[in-house]
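Worksheet: one structure, shown below.
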Amino acid sequence: MSPLLNVENLVTWIASPKGVISAVDDVSFSVDSGRTLALVGESGSGKSMTCLSVMGLLPESGKIGAGRIEFKGENLLAKTPREMERIRGSQIGMILQDPMTALNPLFTIGDQVAEAFRREKLSKAEIRDRVIDVLRKVRIPAPDKRLGAYPHQFSGGMRQRVAIAINLASSPRLLIADEPTTALDVTVQLQILELLRQIQGDTGMGMILVTHDLHLVSRFCDDVAIMYAGRIVEAGPVSKVFNAPEHPYTQGLLDAVPTLDQDAERLALIPGNPPTMHNLPGGCRFEPRCPVSLGQCASEYPEWYRLGQDRRVACWQMKQRIA
Amino acid sequence: MHRKAREPSVMTRFIFFRTQQALVTVFLVTAIIFVIIRLVGDPTHLMLPPEATEADRALLRDEMGLSDPIPIQYLRFVGDLVQGDMGTSYRFRRPALDVVMERLGATLLLTSLSLGVGTLVGIPLGVASAVRRDTVVDILAKGVAIFGQAAPPFLLALLLVRLFSVELRWLPTSGYGSFSNLILPALALGWYSAAGILRLTRSSMLEVLGSEYVKMARIKGLPAHVVIYKHALKNASLPVLTFMALQFGILMGGAVAIEAIFAWPGVGKLILDSISNLDYAVVQAAVTVSALIFVGLNLAVDILYAIIDPRIRLG
């Protein structure tokens with residue numbers, strides 16, 4: 001069975017005043033129906049640009065340089081803008097990071113949800129019923145009374161529910177959630193993610209969850225891809241990657257997560273900072289910060305090493321380990 | 001239900017509050033012009049023959065109420081004003097308000113047509129140049145804007161007269177009464193208006209097009225024209241609306257020069273003539289009426305703003 005979404009060797013360029021950078025560089029992953037992939041990485045590691053590439057919504061300065069994006073076996077990069085509009089409106093949805101700015105302040109909630117039904121030829125009354133129905137699904141209380149309300153009358157959590165409702169309207173097969181809870185309170189975070197998981201259980205949609213919160217990854221995701229400076233450095237099922245991280249960056253990330261039974265006074269941290277995208281190291285991008293760097297790391301980007309069926313790591317250390 | 005019952009009262013209070021503010025502004029404007037015109041000179045010098053004695057002038061000043069302290073004079077002016085009396089023009093020997101109202105139509109026709117030209121050119125070009133940033137459309141639009149803002153309306157007027165009246169002989173050089181008389185002055189002033197509206201629409205659209213809710217609208221799969229004209233333009237139009245109301249005042253000022261060039265019988269020309277003749281009543285009446293129009297228009301925009309933006313209406 002071919003995966004729902006298959007991204008292969010994606011390269012996305014962003015033009016900036018300082019020159020063109022590869023915000024996404026040779027990124028490959030796939031998402032199956034009913035499963036959730038976590039894209040994990042620091043700010044600027046290319047997570048959001050990867051998602052916008054899939055949506056066909058790169059900013060004007062962005063351009064896909066190479067690679068393939070296949071959705072249900074079809075190449076999205078060959079679609080016209082109008083075909084992509086149709087696919088976004090019916091097949092692939094996306095939830096944005098900040099619910100406070102994601103809804104248009106000048107239109108009612110009802111109107112903004114109703115727009116998502118515009119492709120279906122329905123009467124006004126039918127659309128109203130569908131809007132109420134989908135708002136109920138995201139557990140907005142008394143939805144029939146809230147249709148005339150404006151976004152500023154809703155809390156952040158409620159607005160994110162509305163954003164989810166807008167996406168659910170078209171029963172998407174794939175939902176991309178770009179840090180959907182980063183801007184929300186912790187308790188609301190869990191409610192929103194539980195809601196998404198329950199919807200996924202009902203509809204069998206595939207999900208990509210972009211986050212830098214490793215707790216959320218272990219709790220809500222099936223697979224994980226760790227990104228660093230535009231590249232994926234390690235990917236595989238969450239349980240396997242988190243139990244036995246192979247890439248030094250993944251190990252560093254997991255060591256930096258605080259736990260309750262930890263005695264250490266200070267959290268472990270990865271020394272140094274991520275490289276600027278304008279001035280990337282010639283070899284492995286993590287090499288300048290890597291505690292176990294080898295001679296060739298500084299000059300050659302590591303190959304992929306496969307561990308079993310479903311895990312891969314891009315690190316020269318694996319050469320000796322596997323050989 | 002609860003919300004529906006409360007909404008009008010919020011709106012009514014909003015309008016009441018803004019109207020109060022507007023009236024205060026008008027009174028401040030009248031007070032300032034009242035004092036300034038009295039600093040310019042004494043009209044009795046112009047009204048009486050040069051051989052008149054100082055005693056004759058004092059008598060006339062008493063008669064006109066000009067020998068009282070200025071605050072007393074102003075209170076009398078306000079007292080008359082609220083009854084609709086703005087004094088009598090010594091030059092026209094008629095109520096000053098009548099003199100102004102006769103000329104007001106010509107000025108309002110010119111300024112509103114100019115603003116119309118500005119809006120019809122500025123907004124579509126501004127949207128197009130934001131949506132097609134850095135293309136030929138954008139460069140052309142920038143050219144229109146830069147020329148309109150750099151060249152003062154009177155210079156544009158002279159260039160237009162040169163081209164369309166002198167060289168091509170399509171339109172009259174000046175005059176009042178037919179539509180062909182209106183085209184050149186409205187173009188000269190309208191171009192200036194279009195330049196500002198275009199630039200503000202462009203920058204406002206660029207900001208809105210980069211917003212998250214526009215991204216969300218595209219995620220919904222809405223076609224580009226719905227995203228641009230429904231979601232983006234409605235938000236982008238708010239600052240443009242305010243700007244247009246302010247600009248109407250600027251156009252009324254700019255109309256002074258245009259009226260002089262095209263021999264357009266408007267208020268601008270009347271104010272100029274009345275200042276040089278120290279016709280206090282007409283200057284005061286003209287400024288008061290202009291201030292009322294300007295403030296009234298801004299009030300209307302504030303109310304329109306509240307109708308468009310629910311955060312102001314209910315917040």
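Identifiers in this document derive from the order of the structure tokens: chains are assigned A, B, ..., residues are numbered from 1 separately in each chain, and ligands are numbered from 1 in order of occurrence.
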
Quick one: which residues from chain A are at most 10 Å off chain B, using only C-alpha atoms, as a PyMOL selection string?
chain A and resi 52+55-60+81-108+112-113+115-119+145+148-153+163+166-167+169-170

Neighbour list for segment 21-29 of chain B as an mmCIF file with all heavy atoms, in the first residue's frame, cut-off 9 Å, only C-alpha atoms, skip fewer than 5 positions in-chain:
data_model
loop_
_atom_site.group_PDB
_atom_site.id
_atom_site.type_symbol
_atom_site.label_atom_id
_atom_site.label_comp_id
_atom_site.auth_asym_id
_atom_site.auth_seq_id
_atom_site.Cartn_x
_atom_site.Cartn_y
_atom_site.Cartn_z
ATOM 1 N N PHE B 16 -22.964 59.392 19.895
ATOM 2 C CA PHE B 16 -23.153 60.564 20.741
ATOM 3 C C PHE B 16 -21.807 61.119 21.201
ATOM 4 O O PHE B 16 -21.527 62.312 21.096
ATOM 5 C CB PHE B 16 -24.019 60.176 21.949
ATOM 6 C CG PHE B 16 -24.305 61.331 22.873
ATOM 7 C CD1 PHE B 16 -25.168 62.347 22.486
ATOM 8 C CD2 PHE B 16 -23.708 61.393 24.123
ATOM 9 C CE1 PHE B 16 -25.422 63.409 23.337
ATOM 10 C CE2 PHE B 16 -23.958 62.456 24.972
ATOM 11 C CZ PHE B 16 -24.823 63.462 24.579
ATOM 12 N N PHE B 34 -11.222 83.161 14.371
ATOM 13 C CA PHE B 34 -11.812 84.398 14.871
ATOM 14 C C PHE B 34 -10.726 85.354 15.357
ATOM 15 O O PHE B 34 -10.727 86.547 15.036
ATOM 16 C CB PHE B 34 -12.774 84.060 16.024
ATOM 17 C CG PHE B 34 -13.720 85.162 16.385
ATOM 18 C CD1 PHE B 34 -14.934 85.275 15.719
ATOM 19 C CD2 PHE B 34 -13.418 86.056 17.399
ATOM 20 C CE1 PHE B 34 -15.824 86.283 16.048
ATOM 21 C CE2 PHE B 34 -14.300 87.064 17.730
ATOM 22 C CZ PHE B 34 -15.506 87.181 17.054
ATOM 23 N N VAL B 78 -20.671 83.109 18.824
ATOM 24 C CA VAL B 78 -21.180 81.760 19.092
ATOM 25 C C VAL B 78 -22.679 81.800 19.331
ATOM 26 O O VAL B 78 -23.425 80.950 18.840
ATOM 27 C CB VAL B 78 -20.448 81.131 20.295
ATOM 28 C CG1 VAL B 78 -21.108 79.831 20.719
ATOM 29 C CG2 VAL B 78 -18.981 80.883 19.945
ATOM 30 N N VAL B 287 -14.892 79.323 6.971
ATOM 31 C CA VAL B 287 -14.080 78.386 7.755
ATOM 32 C C VAL B 287 -14.980 77.504 8.614
ATOM 33 O O VAL B 287 -14.762 76.294 8.743
ATOM 34 C CB VAL B 287 -13.058 79.157 8.613
ATOM 35 C CG1 VAL B 287 -12.398 78.233 9.622
ATOM 36 C CG2 VAL B 287 -12.015 79.802 7.717
ATOM 37 N N THR B 288 -16.017 78.092 9.204
ATOM 38 C CA THR B 288 -16.919 77.302 10.034
ATOM 39 C C THR B 288 -17.604 76.214 9.210
ATOM 40 O O THR B 288 -17.666 75.049 9.622
ATOM 41 C CB THR B 288 -17.996 78.209 10.681
ATOM 42 O OG1 THR B 288 -17.331 79.292 11.334
ATOM 43 C CG2 THR B 288 -18.831 77.437 11.674
ATOM 44 N N ALA B 291 -15.089 73.559 8.311
ATOM 45 C CA ALA B 291 -14.775 72.735 9.479
ATOM 46 C C ALA B 291 -15.911 71.757 9.766
ATOM 47 O O ALA B 291 -15.673 70.590 10.097
ATOM 48 C CB ALA B 291 -14.515 73.618 10.693
ATOM 49 N N LEU B 292 -17.155 72.250 9.636
ATOM 50 C CA LEU B 292 -18.306 71.375 9.877
ATOM 51 C C LEU B 292 -18.306 70.211 8.892
ATOM 52 O O LEU B 292 -18.548 69.064 9.276
ATOM 53 C CB LEU B 292 -19.607 72.168 9.742
ATOM 54 C CG LEU B 292 -20.083 72.890 11.004
ATOM 55 C CD1 LEU B 292 -21.277 73.784 10.684
ATOM 56 C CD2 LEU B 292 -20.457 71.889 12.097
ATOM 57 N N VAL B 295 -15.281 67.819 9.772
ATOM 58 C CA VAL B 295 -15.521 67.078 11.002
ATOM 59 C C VAL B 295 -16.681 66.097 10.819
ATOM 60 O O VAL B 295 -16.643 64.965 11.290
ATOM 61 C CB VAL B 295 -15.794 68.080 12.144
ATOM 62 C CG1 VAL B 295 -16.473 67.416 13.297
ATOM 63 C CG2 VAL B 295 -14.502 68.729 12.592
ATOM 64 N N GLY B 296 -17.693 66.520 10.091
ATOM 65 C CA GLY B 296 -18.835 65.649 9.833
ATOM 66 C C GLY B 296 -18.429 64.422 9.047
ATOM 67 O O GLY B 296 -18.863 63.304 9.326
ATOM 68 N N ASN B 298 -15.387 63.074 8.975
ATOM 69 C CA ASN B 298 -14.600 62.191 9.837
ATOM 70 C C ASN B 298 -15.493 61.426 10.801
ATOM 71 O O ASN B 298 -15.246 60.258 11.097
ATOM 72 C CB ASN B 298 -13.545 62.991 10.599
ATOM 73 C CG ASN B 298 -12.331 63.253 9.737
ATOM 74 O OD1 ASN B 298 -11.540 62.350 9.509
ATOM 75 N ND2 ASN B 298 -12.211 64.458 9.225
ATOM 76 N N LEU B 299 -16.535 62.086 11.259
ATOM 77 C CA LEU B 299 -17.501 61.419 12.128
ATOM 78 C C LEU B 299 -18.158 60.272 11.377
ATOM 79 O O LEU B 299 -18.295 59.152 11.878
ATOM 80 C CB LEU B 299 -18.547 62.439 12.591
ATOM 81 C CG LEU B 299 -19.652 61.915 13.489
ATOM 82 C CD1 LEU B 299 -19.078 61.470 14.820
ATOM 83 C CD2 LEU B 299 -20.696 62.998 13.727
#

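Residues in contact with Pro288 of chain A at 12 Å, where only C-alpha atoms are counted and same-chain residues fewer than 4 positions away are skipped, are listed as A:Pro248, A:Tyr249, A:Ile270, A:Pro271, A:Gly272, A:Asn273, A:Pro274, A:Pro275, A:Leu280, A:Pro281, A:Gly282, A:Gly283, A:Cys284, A:Val292, A:Ser293, A:Leu294, A:Gly295, A:Cys297, A:Ala298, A:Ser299.
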
Near-Arg219 of chain A list (10 Å; only C-alpha atoms; drop same-chain fewer than 2 positions) as a VMD selection string
chain A and resid 190 193 214 to 217 221 to 222 238

Residues of segment 34-179 of chain A classed as alpha helix (DSSP H) by DSSP on the backbone are to be reported as a ChimeraX atom specification.
/A:47-55,81-90,109-114,124-137,143-146,156-168

Could you name the residues that touch segment 98-114 of chain B at 8 Å or less, counting only C-alpha atoms, but leaving out those on the same chain fewer than 4 positions away, as a list of chain:residue names?
B:Phe92, B:Arg94, B:Gly118, B:Leu182, B:Pro185, B:Ala186, B:Leu187, B:Ala188, B:Leu189, B:Gly190, B:Trp191, B:Ser193, B:Phe248, B:Leu251, B:Met252, B:Ala255, B:Trp264, B:Pro265, B:Gly266, B:Val267, B:Gly268, B:Leu270, B:Val282, B:Ala285, B:Ala286

Limited to C-alpha atoms, could you put the picked residues into a file as a PDB file, in the first residue's frame?
ATOM      1  CA  PHE B  92     -21.762  91.754  -0.445  1.00  0.00           C
ATOM      2  CA  ARG B  94     -25.826  90.071   2.509  1.00  0.00           C
ATOM      3  CA  GLY B 118      -8.698  59.248  -6.567  1.00  0.00           C
ATOM      4  CA  LEU B 182     -14.983  69.973 -14.743  1.00  0.00           C
ATOM      5  CA  PRO B 185      -9.635  70.472 -12.495  1.00  0.00           C
ATOM      6  CA  ALA B 186     -10.994  67.128 -11.244  1.00  0.00           C
ATOM      7  CA  LEU B 187      -8.146  65.244 -12.956  1.00  0.00           C
ATOM      8  CA  ALA B 188      -5.495  67.560 -11.543  1.00  0.00           C
ATOM      9  CA  LEU B 189      -6.816  67.280  -8.003  1.00  0.00           C
ATOM     10  CA  GLY B 190      -7.886  63.631  -8.448  1.00  0.00           C
ATOM     11  CA  TRP B 191      -4.421  62.529  -9.524  1.00  0.00           C
ATOM     12  CA  SER B 193      -5.703  62.179  -4.356  1.00  0.00           C
ATOM     13  CA  PHE B 248     -11.123  65.443   1.650  1.00  0.00           C
ATOM     14  CA  LEU B 251      -8.447  68.548  -1.231  1.00  0.00           C
ATOM     15  CA  MET B 252     -10.635  71.416  -0.059  1.00  0.00           C
ATOM     16  CA  ALA B 255      -8.954  73.409  -4.358  1.00  0.00           C
ATOM     17  CA  TRP B 264     -13.750  78.050 -10.588  1.00  0.00           C
ATOM     18  CA  PRO B 265     -16.260  79.991  -8.446  1.00  0.00           C
ATOM     19  CA  GLY B 266     -15.760  78.030  -5.228  1.00  0.00           C
ATOM     20  CA  VAL B 267     -15.255  78.668  -1.523  1.00  0.00           C
ATOM     21  CA  GLY B 268     -11.467  78.578  -1.812  1.00  0.00           C
ATOM     22  CA  LEU B 270     -13.978  83.312  -1.875  1.00  0.00           C
ATOM     23  CA  VAL B 282     -17.366  85.708   5.230  1.00  0.00           C
ATOM     24  CA  ALA B 285     -18.577  81.620   7.872  1.00  0.00           C
ATOM     25  CA  ALA B 286     -16.483  79.879   5.216  1.00  0.00           C
TER      26      ALA B 286
END

Residue neighbourhood segment 237-240 of chain B, 7 Å, only C-alpha atoms, exclusion window fewer than 5 positions, as a list of chain:residue names:
B:Ile197, B:Leu200, B:Thr201, B:Tyr305

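DSSP, applied to the backbone of this structure, assigns strand (DSSP E or B) to the following residues of segment 62-186 of chain B: Thr88, Ser89, Arg94 and Pro95 of chain B.
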
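Residue nearest Pro153 of chain B, chosen from B:Ile139, B:Ile250, B:Ala128, B:Leu81 and counting only C-alpha atoms: B:Ile250.
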
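In this comparison, which uses only C-alpha atoms, the residue of A:Asp25, A:Asn6, A:Phe242, A:Trp13 approaching Asn75 of chain A most closely is A:Asn6.
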